[in-house]
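**Q** So here's protein-v8.cif, just mmCIF, C-alpha atoms:
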```cif
data_query
loop_
_atom_site.label_atom_id
_atom_site.label_comp_id
_atom_site.auth_asym_id
_atom_site.auth_seq_id
_atom_site.Cartn_x
_atom_site.Cartn_y
_atom_site.Cartn_z
CA MET A 1 8.87 -3.85 -23.29
CA ALA A 2 8.88 -2.41 -19.79
CA GLU A 3 8.35 -4.69 -16.82
CA PRO A 4 4.90 -4.40 -15.24
CA LEU A 5 4.72 -1.83 -12.46
CA VAL A 6 3.35 -3.21 -9.19
CA ILE A 7 2.07 -0.88 -6.48
CA ALA A 8 1.23 -2.35 -3.07
CA VAL A 9 -1.32 -0.67 -0.82
CA LEU A 10 -0.42 -1.44 2.79
CA GLY A 11 -1.75 -0.30 6.14
CA ALA A 12 -3.58 -1.09 9.33
CA GLU A 13 -7.17 -2.27 9.30
CA SER A 14 -9.91 0.16 8.32
CA THR A 15 -7.57 2.59 6.58
CA GLY A 16 -9.20 2.30 3.16
CA LYS A 17 -6.77 -0.09 1.45
CA THR A 18 -9.33 -1.91 -0.69
CA THR A 19 -11.15 1.25 -1.72
CA LEU A 20 -7.88 2.97 -2.60
CA ALA A 21 -6.50 0.01 -4.56
CA ALA A 22 -9.59 -0.23 -6.77
CA ALA A 23 -9.86 3.53 -7.28
CA LEU A 24 -6.16 3.96 -8.00
CA ALA A 25 -6.15 1.23 -10.64
CA ALA A 26 -9.14 2.85 -12.35
CA ARG A 27 -7.54 6.31 -12.31
CA LEU A 28 -4.21 5.00 -13.59
CA ALA A 29 -5.99 3.30 -16.48
CA ALA A 30 -7.87 6.49 -17.33
CA GLU A 31 -4.83 8.77 -17.03
CA THR A 32 -2.27 6.59 -18.84
CA GLY A 33 -4.22 4.34 -21.22
CA LEU A 34 -2.15 1.40 -19.97
CA ARG A 35 -3.54 -1.99 -19.00
CA CYS A 36 -4.23 -1.63 -15.29
CA THR A 37 -5.85 -3.90 -12.73
CA TRP A 38 -5.97 -4.44 -9.00
CA VAL A 39 -5.51 -7.59 -6.94
CA ALA A 40 -7.80 -8.11 -3.98
CA GLU A 41 -6.57 -9.19 -0.56
CA TRP A 42 -6.45 -12.99 -0.52
CA LEU A 43 -6.90 -13.09 3.26
CA ARG A 44 -10.42 -11.69 2.92
CA SER A 45 -11.44 -14.44 0.50
CA TRP A 46 -9.75 -17.02 2.72
CA CYS A 47 -11.65 -15.90 5.83
CA GLU A 48 -14.95 -15.83 3.97
CA ARG A 49 -14.34 -19.35 2.65
CA GLU A 50 -13.20 -20.83 5.98
CA GLY A 51 -15.49 -18.83 8.24
CA ARG A 52 -12.62 -17.98 10.58
CA THR A 53 -9.27 -16.22 10.80
CA PRO A 54 -6.11 -18.23 10.02
CA ARG A 55 -3.97 -20.12 12.48
CA ARG A 56 -0.28 -19.36 12.91
CA ASP A 57 0.74 -22.31 10.73
CA GLU A 58 -1.50 -21.07 7.87
CA GLN A 59 0.04 -17.62 7.60
CA HIS A 60 2.91 -18.60 5.28
CA GLY A 61 0.52 -20.16 2.77
CA ILE A 62 -1.65 -17.05 2.75
CA ALA A 63 1.36 -14.86 2.01
CA GLN A 64 2.42 -17.15 -0.84
CA ALA A 65 -1.09 -17.18 -2.31
CA GLN A 66 -1.28 -13.36 -2.26
CA HIS A 67 1.85 -13.16 -4.38
CA ALA A 68 0.67 -15.91 -6.71
CA HIS A 69 -2.35 -13.71 -7.49
CA ILE A 70 -0.05 -10.73 -8.01
CA ALA A 71 2.12 -12.75 -10.40
CA ALA A 72 -0.94 -13.82 -12.40
CA ALA A 73 -2.06 -10.20 -12.73
CA ARG A 74 1.42 -9.08 -13.80
CA ALA A 75 1.31 -11.49 -16.73
CA GLY A 76 -1.44 -9.57 -18.53
CA HIS A 77 -1.14 -5.97 -17.36
CA ASP A 78 1.19 -2.97 -17.42
CA ILE A 79 0.28 -1.74 -13.93
CA VAL A 80 -0.97 -3.84 -11.01
CA VAL A 81 -2.23 -2.34 -7.77
CA CYS A 82 -2.38 -4.92 -5.01
CA ASP A 83 -4.44 -4.70 -1.85
CA THR A 84 -1.71 -5.84 0.60
CA SER A 85 1.33 -8.07 0.16
CA ALA A 86 3.18 -10.66 2.21
CA LEU A 87 4.40 -7.82 4.44
CA MET A 88 0.94 -7.49 5.98
CA THR A 89 0.86 -11.22 6.74
CA ALA A 90 4.24 -10.93 8.46
CA VAL A 91 3.08 -7.95 10.51
CA TYR A 92 -0.10 -9.65 11.69
CA SER A 93 1.87 -12.79 12.52
CA ARG A 94 3.97 -10.65 14.83
CA ILE A 95 1.02 -8.78 16.37
CA VAL A 96 -1.38 -11.71 16.77
CA PHE A 97 0.93 -14.68 17.32
CA GLY A 98 4.16 -13.06 18.49
CA ASP A 99 5.82 -14.71 15.48
CA ASP A 100 8.63 -12.79 13.74
CA SER A 101 9.68 -15.69 11.53
CA LEU A 102 7.89 -14.49 8.37
CA GLY A 103 9.52 -11.07 8.14
CA THR A 104 12.59 -11.91 6.08
CA ALA A 105 10.75 -14.11 3.56
CA ALA A 106 7.90 -11.60 3.28
CA ALA A 107 10.34 -8.76 2.57
CA ALA A 108 12.04 -10.86 -0.13
CA LEU A 109 8.70 -11.65 -1.79
CA HIS A 110 7.67 -8.02 -1.63
CA ARG A 111 10.99 -6.79 -3.03
CA SER A 112 10.83 -9.21 -5.97
CA ASP A 113 7.30 -8.20 -6.98
CA VAL A 114 6.59 -4.65 -5.81
CA SER A 115 8.00 -1.37 -7.14
CA LEU A 116 6.47 0.98 -4.57
CA SER A 117 4.42 0.65 -1.39
CA LEU A 118 1.71 3.12 -0.41
CA LEU A 119 1.13 3.21 3.34
CA THR A 120 -2.39 4.31 4.22
CA ALA A 121 -2.48 6.87 7.03
CA LEU A 122 -4.49 6.44 10.23
CA ASP A 123 -6.71 9.42 9.40
CA LEU A 124 -9.91 7.50 8.57
CA PRO A 125 -12.43 6.39 11.23
CA TRP A 126 -12.36 2.75 12.26
CA VAL A 127 -15.28 0.70 10.92
CA ALA A 128 -16.21 -2.88 11.88
CA ASP A 129 -15.88 -5.45 9.09
CA GLY A 130 -16.52 -8.98 10.31
CA LEU A 131 -13.72 -11.45 10.95
CA GLN A 132 -10.93 -9.23 9.65
CA ARG A 133 -11.27 -6.38 12.13
CA ASP A 134 -9.78 -6.66 15.63
CA GLY A 135 -10.55 -3.13 16.79
CA ALA A 136 -9.29 0.43 16.58
CA HIS A 137 -6.74 -0.28 19.33
CA VAL A 138 -4.59 -2.45 17.01
CA ARG A 139 -4.18 0.15 14.29
CA GLU A 140 -1.23 2.01 15.80
CA PRO A 141 0.73 -1.16 16.70
CA VAL A 142 0.18 -2.54 13.19
CA ASP A 143 1.17 0.78 11.62
CA SER A 144 4.35 0.92 13.73
CA ALA A 145 5.31 -2.69 12.97
CA LEU A 146 4.73 -2.15 9.25
CA ARG A 147 6.88 0.99 9.18
CA GLU A 148 9.62 -0.86 11.03
CA LEU A 149 9.55 -3.72 8.53
CA LEU A 150 9.57 -1.41 5.51
CA GLN A 151 12.48 0.58 6.89
CA SER A 152 14.55 -2.38 8.06
CA ALA A 153 14.18 -4.03 4.65
CA ALA A 154 14.96 -0.73 2.84
CA LEU A 155 11.77 -0.97 0.78
CA PRO A 156 10.53 2.22 -0.95
CA TRP A 157 7.26 3.58 0.42
CA VAL A 158 5.16 6.72 0.59
CA LEU A 159 2.52 7.73 3.12
CA VAL A 160 -0.93 8.37 1.60
CA GLY A 161 -3.48 10.39 3.55
CA GLY A 162 -6.63 12.39 2.96
CA HIS A 163 -10.28 11.55 2.50
CA GLY A 164 -12.11 10.40 -0.63
CA ALA A 165 -10.73 11.79 -3.88
CA ALA A 166 -7.88 13.50 -2.01
CA ARG A 167 -6.52 10.11 -0.94
CA VAL A 168 -6.55 8.85 -4.53
CA ASP A 169 -4.89 12.06 -5.72
CA ALA A 170 -2.14 11.60 -3.13
CA ALA A 171 -1.59 8.05 -4.38
CA LEU A 172 -1.43 9.25 -8.00
CA ASP A 173 1.17 11.84 -7.05
CA ALA A 174 3.29 9.11 -5.44
CA VAL A 175 3.07 6.78 -8.44
CA ALA A 176 3.49 9.35 -11.23
CA PRO A 177 7.33 9.64 -11.03
CA LEU A 178 7.65 5.91 -11.70
CA LEU A 179 5.94 6.39 -15.07
CA ARG A 180 8.05 9.32 -16.21
CA ARG A 181 10.18 7.22 -18.58
CA ARG A 182 7.42 4.92 -19.82
CA ASP A 183 5.53 5.32 -23.08
CA THR A 184 1.88 5.84 -22.23
CA PRO A 185 -0.96 6.21 -24.76
CA ARG A 186 -2.34 9.07 -22.64
CA GLN A 187 -0.28 11.78 -20.99
CA GLY A 188 -2.67 12.88 -18.24
CA LEU A 189 -0.60 11.56 -15.36
CA LEU A 190 2.68 13.00 -16.63
CA THR A 191 1.04 16.37 -17.25
CA ARG A 192 -0.22 16.26 -13.67
CA LEU A 193 3.29 15.49 -12.44
CA GLN A 194 4.83 18.37 -14.42
CA ARG A 195 2.28 20.86 -13.07
CA ARG A 196 2.81 19.65 -9.52
CA GLU A 197 6.58 19.93 -9.77
CA ALA A 198 6.38 23.40 -11.32
CA ALA A 199 4.12 24.61 -8.52
CA ALA A 200 6.12 23.07 -5.67
CA PRO A 201 8.14 25.52 -3.56
CA ALA A 202 11.82 24.91 -2.95
CA TRP A 203 12.45 22.60 0.02
CA SER A 204 13.67 24.83 2.85
CA TRP A 205 13.69 22.71 6.01
CA VAL A 206 13.56 19.16 7.30
CA CYS A 207 11.61 18.10 10.39
CA GLU A 208 13.87 15.95 12.56
CA LYS A 209 10.91 13.71 13.42
CA CYS A 210 10.03 12.86 9.81
CA ASP A 211 10.87 9.39 8.53
CA VAL A 212 8.93 9.35 5.28
CA PRO A 213 8.99 11.31 1.99
CA GLU A 214 6.80 14.36 1.42
CA CYS A 215 6.69 15.32 5.12
CA GLU A 216 4.13 13.19 6.88
CA HIS A 217 3.60 15.68 9.70
CA ALA A 218 2.70 18.48 7.30
CA GLN A 219 0.30 16.19 5.43
CA LEU A 220 -1.54 15.13 8.54
CA ARG A 221 -1.76 18.69 9.87
CA ALA A 222 -3.40 19.71 6.59
CA VAL A 223 -5.88 16.84 6.82
CA HIS A 224 -7.05 17.85 10.29
CA ARG A 225 -7.43 21.57 9.63
#
```
Can I see the file as structure tokens?
**A**
Amino acid sequence: MAEPLVIAVLGAESTGKTTLAAALAARLAAETGLRCTWVAEWLRSWCEREGRTPRRDEQHGIAQAQHAHIAAARAGHDIVVCDTSALMTAVYSRIVFGDDSLGTAAAALHRSDVSLSLLTALDLPWVADGLQRDGAHVREPVDSALRELLQSAALPWVLVGGHGAARVDAALDAVAPLLRRRDTPRQGLLTRLQRREAAAPAWSWVCEKCDVPECEHAQLRAVHR
């Protein structure tokens, strides 16, 4: 029996992580017939319970709890989509507290649990959301710190952009290759992958400024047209 596939949705605040995680899990279930679920961000529940944001010394426990929830979901499902991982805790520890001490442990946790990370692009408008939102000005620093951590730890990731259904479609396209060799009761996702690959033109150039698969600059130009 194949190991459960875990997809982490990562990104700066107000980039649609929660919406994408829930929608992606639902689409994966419909397209594959596999047992799919999504794991909510533990930090949100923590802040609602405590009525505040965490202190520096509480960050490690929050990261551990997030992965405990991921592990519980893995036990009963074929695919788990998680709204953030310990990597986000490490990034915010750096941004908010100037604390880089969680990076190595967070990367190890992420590597042990997660097969692929989806990084949500900064192409959605910032929206206030209580205790968890610091402001639009922190999105680029968080995005940069997250990319740096993913790259330094050599963790596989794909940028996901677009609005509404297009964002979910982009996420499906990123996840589909991981299911190529798995037996799925429904073949919708693999059929989608085959059609996409057949229609794709041959790769003819590489932008020297690209650092992610699928050409981030081309994606974002298309979004803003």
**Q** Rounded to one decimal place, report the atom CA of Thr191 of chain A-atom CA of Val175 of chain A distance in Å.
**A** 13.2 Å
**Q** Using the chain letters and numbering of this document, enumerate as an MDAnalysis selection string the residues selected by the PyMOL selection byres ((chain A and resi 59) around 12).
**A** chainID A and resid 42:43 46:47 53:58 60:66 86:94 96:97 99:103 105:106
**Q** Just want the 10 Å neighbourhood of Leu155 of chain A, counted on all atoms listed in the file, with same-chain residues fewer than 3 positions away dropped. Output as a PyMOL selection string.
**A** chain A and resi 107-108+110-111+114-117+147+149-152
**Q** Applying the PyMOL selection byres ((chain A and resi 3) around 9) to the file I just gave you, which residues come out? Please list them as a ChimeraX atom specification.
**A** /A:1-2,4-5,74,78
**Q** Which residues would end up in the selection if the PyMOL selection byres ((chain A and resi 37) around 7) were applied here, given that I need the answer as a VMD selection string?
**A** chain A and resid 25 35 to 36 38 to 39 77 79 to 81
**Q** Between atom CA of Glu148 of chain A and atom CA of Leu20 of chain A, what is the distance, to one decimal in Å?
**A**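 These atoms are spaced 22.5 Å apart.
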**Q** Excluding Gly161 of chain A and its own-chain neighbours fewer than 2 positions away, which residues fall within 7 Å of it when counting all atoms listed in the file? Please give them as a list in words.
**A**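 The residues satisfying every condition are Thr120, Ala121, Asp123, Leu159, His163, Arg167 and Ala170 of chain A.
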**Q** Generate the output file for the selected residues, C-alpha atoms, as a PDB file, in the coordinates of the input.
**A**
```pdb
ATOM      1  CA  THR A 120      -2.390   4.310   4.220  1.00  0.00           C
ATOM      2  CA  ALA A 121      -2.480   6.870   7.030  1.00  0.00           C
ATOM      3  CA  ASP A 123      -6.710   9.420   9.400  1.00  0.00           C
ATOM      4  CA  LEU A 159       2.520   7.730   3.120  1.00  0.00           C
ATOM      5  CA  HIS A 163     -10.280  11.550   2.500  1.00  0.00           C
ATOM      6  CA  ARG A 167      -6.520  10.110  -0.940  1.00  0.00           C
ATOM      7  CA  ALA A 170      -2.140  11.600  -3.130  1.00  0.00           C
TER       8      ALA A 170
END
```
**Q** Between atom CA of Arg27 of chain A and atom CA of Leu172 of chain A, what is the spacing in Å?
**A**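 Result for atom CA of Leu172 of chain A versus atom CA of Arg27 of chain A: 8.0 Å, one decimal.
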**Q** From the set A:Val160, A:Ala12, A:Ser112, A:Asp129, which residue has the shortest atom-to-atom contact distance to Ile95 of chain A, counting only C-alpha atoms?
**A**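 Smallest distance to Ile95 of chain A is found for A:Ala12.
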**Q** Quick one: of A:Ala166, A:Val9, A:Thr15, A:Glu31, who's nearest to Ala136 of chain A, counting only C-alpha atoms?
**A**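 Of A:Ala166, A:Val9, A:Thr15, A:Glu31, the one nearest Ala136 of chain A is A:Thr15, counting only C-alpha atoms.
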